[in-house]
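K.L.:
My structure file model.cif, mmCIF, C-alpha atoms, is below:
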data_work
loop_
_atom_site.group_PDB
_atom_site.id
_atom_site.type_symbol
_atom_site.label_atom_id
_atom_site.label_comp_id
_atom_site.auth_asym_id
_atom_site.auth_seq_id
_atom_site.Cartn_x
_atom_site.Cartn_y
_atom_site.Cartn_z
ATOM 1 C CA GLN A 10 -14.786 -1.933 -8.079
ATOM 2 C CA VAL A 11 -15.175 -3.866 -4.841
ATOM 3 C CA GLN A 12 -14.705 -7.585 -4.381
ATOM 4 C CA LEU A 13 -16.142 -9.317 -1.332
ATOM 5 C CA VAL A 14 -15.272 -12.782 -0.068
ATOM 6 C CA GLU A 15 -17.101 -14.425 2.819
ATOM 7 C CA SER A 16 -15.698 -17.146 5.028
ATOM 8 C CA GLY A 17 -16.357 -18.821 8.360
ATOM 9 C CA GLY A 18 -19.545 -20.687 7.647
ATOM 10 C CA GLY A 19 -20.088 -24.273 8.668
ATOM 11 C CA LEU A 20 -22.146 -26.732 10.641
ATOM 12 C CA VAL A 21 -22.833 -26.016 14.301
ATOM 13 C CA GLN A 22 -25.228 -27.307 16.925
ATOM 14 C CA ALA A 23 -28.027 -25.151 18.245
ATOM 15 C CA GLY A 24 -26.734 -22.857 20.958
ATOM 16 C CA GLY A 25 -23.291 -22.737 19.402
ATOM 17 C CA SER A 26 -21.342 -19.901 17.817
ATOM 18 C CA LEU A 27 -19.731 -19.023 14.533
ATOM 19 C CA ARG A 28 -17.841 -15.998 13.296
ATOM 20 C CA LEU A 29 -18.247 -14.991 9.685
ATOM 21 C CA SER A 30 -15.758 -12.784 7.897
ATOM 22 C CA CYS A 31 -16.205 -10.575 4.880
ATOM 23 C CA ALA A 32 -12.925 -9.559 3.281
ATOM 24 C CA ALA A 33 -12.954 -6.719 0.785
ATOM 25 C CA SER A 34 -10.580 -5.559 -1.899
ATOM 26 C CA GLY A 35 -10.747 -2.541 -4.086
ATOM 27 C CA ARG A 36 -11.681 1.045 -3.318
ATOM 28 C CA SER A 37 -11.341 2.645 0.107
ATOM 29 C CA PHE A 38 -12.932 0.260 2.548
ATOM 30 C CA SER A 39 -13.668 2.701 5.354
ATOM 31 C CA SER A 40 -15.850 4.866 3.121
ATOM 32 C CA TYR A 41 -18.768 2.460 2.768
ATOM 33 C CA ALA A 42 -21.177 0.423 4.825
ATOM 34 C CA ILE A 43 -21.192 -3.352 4.826
ATOM 35 C CA ALA A 44 -24.228 -5.494 5.506
ATOM 36 C CA TRP A 45 -25.020 -9.137 5.899
ATOM 37 C CA PHE A 46 -28.070 -10.720 4.342
ATOM 38 C CA ARG A 47 -29.115 -14.334 4.456
ATOM 39 C CA GLN A 48 -31.265 -16.621 2.373
ATOM 40 C CA ALA A 49 -32.734 -19.857 3.598
ATOM 41 C CA PRO A 50 -33.993 -22.537 1.182
ATOM 42 C CA GLY A 51 -37.331 -21.581 -0.274
ATOM 43 C CA LYS A 52 -37.296 -18.151 1.354
ATOM 44 C CA GLU A 53 -36.491 -14.655 0.233
ATOM 45 C CA ARG A 54 -33.215 -13.052 1.130
ATOM 46 C CA GLU A 55 -33.454 -11.074 4.364
ATOM 47 C CA PHE A 56 -31.432 -8.414 6.114
ATOM 48 C CA VAL A 57 -29.334 -9.497 9.086
ATOM 49 C CA ALA A 58 -27.090 -6.610 10.123
ATOM 50 C CA ALA A 59 -25.190 -3.591 8.792
ATOM 51 C CA ILE A 60 -22.282 -1.465 9.921
ATOM 52 C CA THR A 61 -21.294 1.986 8.729
ATOM 53 C CA GLY A 62 -17.920 2.728 7.170
ATOM 54 C CA THR A 63 -16.450 4.106 10.380
ATOM 55 C CA GLY A 64 -17.897 1.257 12.419
ATOM 56 C CA TRP A 65 -19.551 3.711 14.787
ATOM 57 C CA SER A 66 -23.087 2.633 13.967
ATOM 58 C CA THR A 67 -24.617 -0.807 13.609
ATOM 59 C CA HIS A 68 -28.099 -2.003 12.702
ATOM 60 C CA TYR A 69 -29.639 -5.396 13.360
ATOM 61 C CA ALA A 70 -32.714 -7.325 12.368
ATOM 62 C CA ASP A 71 -34.972 -8.005 15.338
ATOM 63 C CA SER A 72 -34.462 -11.736 14.875
ATOM 64 C CA VAL A 73 -30.735 -11.498 15.657
ATOM 65 C CA LYS A 74 -30.546 -8.629 18.155
ATOM 66 C CA GLY A 75 -28.716 -9.648 21.288
ATOM 67 C CA ARG A 76 -27.245 -12.734 19.607
ATOM 68 C CA PHE A 77 -25.239 -11.372 16.663
ATOM 69 C CA THR A 78 -22.561 -8.693 16.790
ATOM 70 C CA LEU A 79 -21.102 -6.887 13.816
ATOM 71 C CA SER A 80 -17.659 -5.286 13.827
ATOM 72 C CA ARG A 81 -15.069 -4.184 11.338
ATOM 73 C CA ASP A 82 -11.321 -3.765 11.116
ATOM 74 C CA ASN A 83 -10.636 -1.170 8.459
ATOM 75 C CA THR A 84 -6.898 -1.843 8.541
ATOM 76 C CA LYS A 85 -7.622 -5.409 7.449
ATOM 77 C CA LYS A 86 -10.546 -4.463 5.180
ATOM 78 C CA THR A 87 -12.653 -7.056 6.952
ATOM 79 C CA VAL A 88 -16.054 -7.130 8.604
ATOM 80 C CA TYR A 89 -16.883 -9.753 11.200
ATOM 81 C CA LEU A 90 -20.271 -11.162 12.144
ATOM 82 C CA GLN A 91 -20.111 -12.919 15.491
ATOM 83 C CA MET A 92 -23.108 -15.211 15.825
ATOM 84 C CA ASN A 93 -23.923 -16.632 19.247
ATOM 85 C CA SER A 94 -26.815 -18.693 20.571
ATOM 86 C CA LEU A 95 -27.461 -19.985 17.086
ATOM 87 C CA LYS A 96 -30.845 -21.475 16.284
ATOM 88 C CA PRO A 97 -31.913 -23.865 13.524
ATOM 89 C CA GLU A 98 -33.821 -20.989 11.919
ATOM 90 C CA ASP A 99 -30.493 -19.199 11.408
ATOM 91 C CA THR A 100 -29.625 -21.814 8.791
ATOM 92 C CA ALA A 101 -29.046 -20.016 5.494
ATOM 93 C CA VAL A 102 -26.492 -18.840 2.998
ATOM 94 C CA TYR A 103 -25.024 -15.624 4.361
ATOM 95 C CA HIS A 104 -23.926 -12.912 1.953
ATOM 96 C CA CYS A 105 -22.083 -9.729 2.680
ATOM 97 C CA ALA A 106 -22.755 -6.647 0.604
ATOM 98 C CA ALA A 107 -21.172 -3.213 0.174
ATOM 99 C CA ASP A 108 -23.025 0.066 -0.125
ATOM 100 C CA THR A 109 -20.586 2.329 -1.960
ATOM 101 C CA ALA A 110 -23.067 4.817 -3.348
ATOM 102 C CA CYS A 111 -25.189 6.044 -0.469
ATOM 103 C CA GLY A 112 -24.385 9.618 0.476
ATOM 104 C CA GLY A 113 -26.802 9.915 3.357
ATOM 105 C CA ASN A 114 -30.145 8.685 4.682
ATOM 106 C CA CYS A 115 -29.160 5.165 3.772
ATOM 107 C CA LYS A 116 -31.739 2.456 4.276
ATOM 108 C CA TYR A 117 -29.332 -0.172 5.527
ATOM 109 C CA SER A 118 -31.866 -2.981 5.601
ATOM 110 C CA ALA A 119 -32.790 -2.643 1.938
ATOM 111 C CA GLU A 120 -31.137 -4.811 -0.684
ATOM 112 C CA TYR A 121 -31.300 -2.047 -3.267
ATOM 113 C CA GLU A 122 -28.813 0.019 -1.241
ATOM 114 C CA TYR A 123 -26.014 -2.424 -1.957
ATOM 115 C CA ASP A 124 -24.097 -2.482 -5.196
ATOM 116 C CA TYR A 125 -21.536 -5.217 -4.552
ATOM 117 C CA TRP A 126 -22.203 -8.695 -3.210
ATOM 118 C CA GLY A 127 -20.161 -11.679 -2.174
ATOM 119 C CA GLN A 128 -20.855 -15.263 -3.195
ATOM 120 C CA GLY A 129 -22.012 -16.327 0.237
ATOM 121 C CA THR A 130 -21.103 -18.841 2.908
ATOM 122 C CA GLN A 131 -23.343 -21.614 4.184
ATOM 123 C CA VAL A 132 -24.349 -21.686 7.839
ATOM 124 C CA THR A 133 -26.165 -24.784 9.061
ATOM 125 C CA VAL A 134 -27.470 -25.045 12.612
ATOM 126 C CA SER A 135 -28.526 -28.514 13.717
ATOM 127 C CA THR A 136 -30.944 -29.377 16.510
#
Before we go any further, please render this structure as structure tokens.
P.N.:
Amino acid sequence: QVQLVESGGGLVQAGGSLRLSCAASGRSFSSYAIAWFRQAPGKEREFVAAITGTGWSTHYADSVKGRFTLSRDNTKKTVYLQMNSLKPEDTAVYHCAADTACGGNCKYSAEYEYDYWGQGTQVTVST
């Protein structure tokens, strides 16, 4: 079992920054990938970024490349999403998710890859 808890959301002006955290408990943290997805009101949930268990590889949606940076500290069982140059269209509930089952050829941007999800944290970017 894996439990995920997000934090760090809030209200920020356009152009500002936030850092989200995803803290995990349970089975060996460094063995699985973590991703962030987001869901804006009235829209489907979409992939934001993912990081492999070792942290050596990251993947980003085109909409956040160059603005968001994903990192992890396996000693603290925490993944961080640094979000810079925020835009109003980044407003959403951000969820982190753990992929504990993929043994290879993982499709990191696909929701079906992830078997544990956090409750989410609200990010609101004002104009």
K.L.:
Would you mind listing what lies within 7 Å of Phe77 of chain A as a ChimeraX atom specification, with only C-alpha atoms counted and same-chain residues fewer than 6 positions away left out?
P.N.:
/A:90-93
K.L.:
At a cut-off of 10 Å around the point (-22.0, -6.6, 16.4) (file coordinates), what residues fall inside when counting only C-alpha atoms? I'd like the answer as a PyMOL selection string.
P.N.:
chain A and resi 58-60+64+66-69+74-81+88-92
K.L.:
Would you mind reading off the distance between atom CA of Lys96 of chain A and atom CA of Trp126 of chain A, one decimal, in Å?
P.N.:
24.9 Å
K.L.:
So which one's closest to Ser26 of chain A, A:Val102, A:Val134, A:Val11, A:Tyr123? Using all atoms listed in the file, please.
P.N.:
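Checking each candidate against Ser26 of chain A, we get A:Val134 as the closest.
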K.L.:
From the list A:Gly112, A:Gly35, A:Pro97, A:Gly51, which residue is nearest Val132 of chain A when using all atoms listed in the file?
P.N.:
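Of A:Gly112, A:Gly35, A:Pro97, A:Gly51, the one nearest Val132 of chain A is A:Pro97, counting all atoms listed in the file.
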K.L.:
Go through A:Ser94, A:Gln22, A:Gln131, A:Ser39 and flag the residue nearest Asp82 of chain A, using all atoms listed in the file for the distances.
P.N.:
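Answer, going by the shortest atom-to-atom distance: A:Ser39.
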K.L.:
Using only C-alpha atoms, list the residues that have an atom at most 6 Å from (-25.3, -13.1, -0.7), coordinates as in the file, as a ChimeraX atom specification.
P.N.:
/A:103-105,126-129
K.L.:
Restricting the calculation to only C-alpha atoms: of A:Ser72, A:Gln12, A:Thr130, A:Thr87, which residue gets closest to Asp99 of chain A?
P.N.:
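Among the listed residues, the smallest separation from Asp99 of chain A belongs to A:Ser72.
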K.L.:
List the residues selected by the PyMOL selection byres ((chain A and resi 108) around 12) in the file shown, writing them as a compact mmCIF listing (two decimals) with C-alpha atoms, keeping the file's coordinate frame.
P.N.:
# COMPACT_ATOMS: atom_id res chain seq x y z
CA GLN A 10 -14.79 -1.93 -8.08
CA VAL A 11 -15.18 -3.87 -4.84
CA LEU A 13 -16.14 -9.32 -1.33
CA ARG A 36 -11.68 1.04 -3.32
CA SER A 37 -11.34 2.64 0.11
CA PHE A 38 -12.93 0.26 2.55
CA SER A 39 -13.67 2.70 5.35
CA SER A 40 -15.85 4.87 3.12
CA TYR A 41 -18.77 2.46 2.77
CA ALA A 42 -21.18 0.42 4.82
CA ILE A 43 -21.19 -3.35 4.83
CA ALA A 44 -24.23 -5.49 5.51
CA TRP A 45 -25.02 -9.14 5.90
CA ALA A 59 -25.19 -3.59 8.79
CA ILE A 60 -22.28 -1.46 9.92
CA THR A 61 -21.29 1.99 8.73
CA GLY A 62 -17.92 2.73 7.17
CA CYS A 105 -22.08 -9.73 2.68
CA ALA A 106 -22.76 -6.65 0.60
CA ALA A 107 -21.17 -3.21 0.17
CA THR A 109 -20.59 2.33 -1.96
CA ALA A 110 -23.07 4.82 -3.35
CA CYS A 111 -25.19 6.04 -0.47
CA GLY A 112 -24.38 9.62 0.48
CA GLY A 113 -26.80 9.91 3.36
CA CYS A 115 -29.16 5.16 3.77
CA LYS A 116 -31.74 2.46 4.28
CA TYR A 117 -29.33 -0.17 5.53
CA SER A 118 -31.87 -2.98 5.60
CA ALA A 119 -32.79 -2.64 1.94
CA GLU A 120 -31.14 -4.81 -0.68
CA TYR A 121 -31.30 -2.05 -3.27
CA GLU A 122 -28.81 0.02 -1.24
CA TYR A 123 -26.01 -2.42 -1.96
CA ASP A 124 -24.10 -2.48 -5.20
CA TYR A 125 -21.54 -5.22 -4.55
CA TRP A 126 -22.20 -8.70 -3.21
K.L.:
For a test of reading the model, state the distance in Å between atom CA of Gly17 of chain A and atom CA of Ala70 of chain A, rounded to one decimal.
P.N.:
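We find that atom CA of Gly17 of chain A and atom CA of Ala70 of chain A lie 20.4 Å from each other.
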K.L.:
Return the single residue from A:Ser34, A:Glu98, A:Phe46, A:Asn83 that is closest to Trp65 of chain A, with distances computed using all atoms listed in the file.
P.N.:
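Ranking A:Ser34, A:Glu98, A:Phe46, A:Asn83 by distance to Trp65 of chain A, first place goes to A:Asn83.
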K.L.:
So how far away is atom CA of Val14 of chain A from atom CA of Cys31 of chain A, in Å?
P.N.:
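Taking atom CA of Cys31 of chain A and atom CA of Val14 of chain A, their separation equals 5.5 Å.
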K.L.:
Step by step, gather every atom of segment 75-91 of chain A that the file lists, find the box along x, y and z that holds them, add 3 Å on each side, and finally give centre and edge lengths in Å to one decimal, as AutoDock Vina command-line options.
P.N.:
--center_x -17.8 --center_y -7.0 --center_z 13.2 --size_x 27.8 --size_y 17.7 --size_z 22.1
K.L.:
Which one of A:Ala33, A:Glu15, A:Ala23, A:Arg54 sits closest to Thr133 of chain A if you count all atoms listed in the file?
P.N.:
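So, comparing all the options, the nearest one is A:Ala23.
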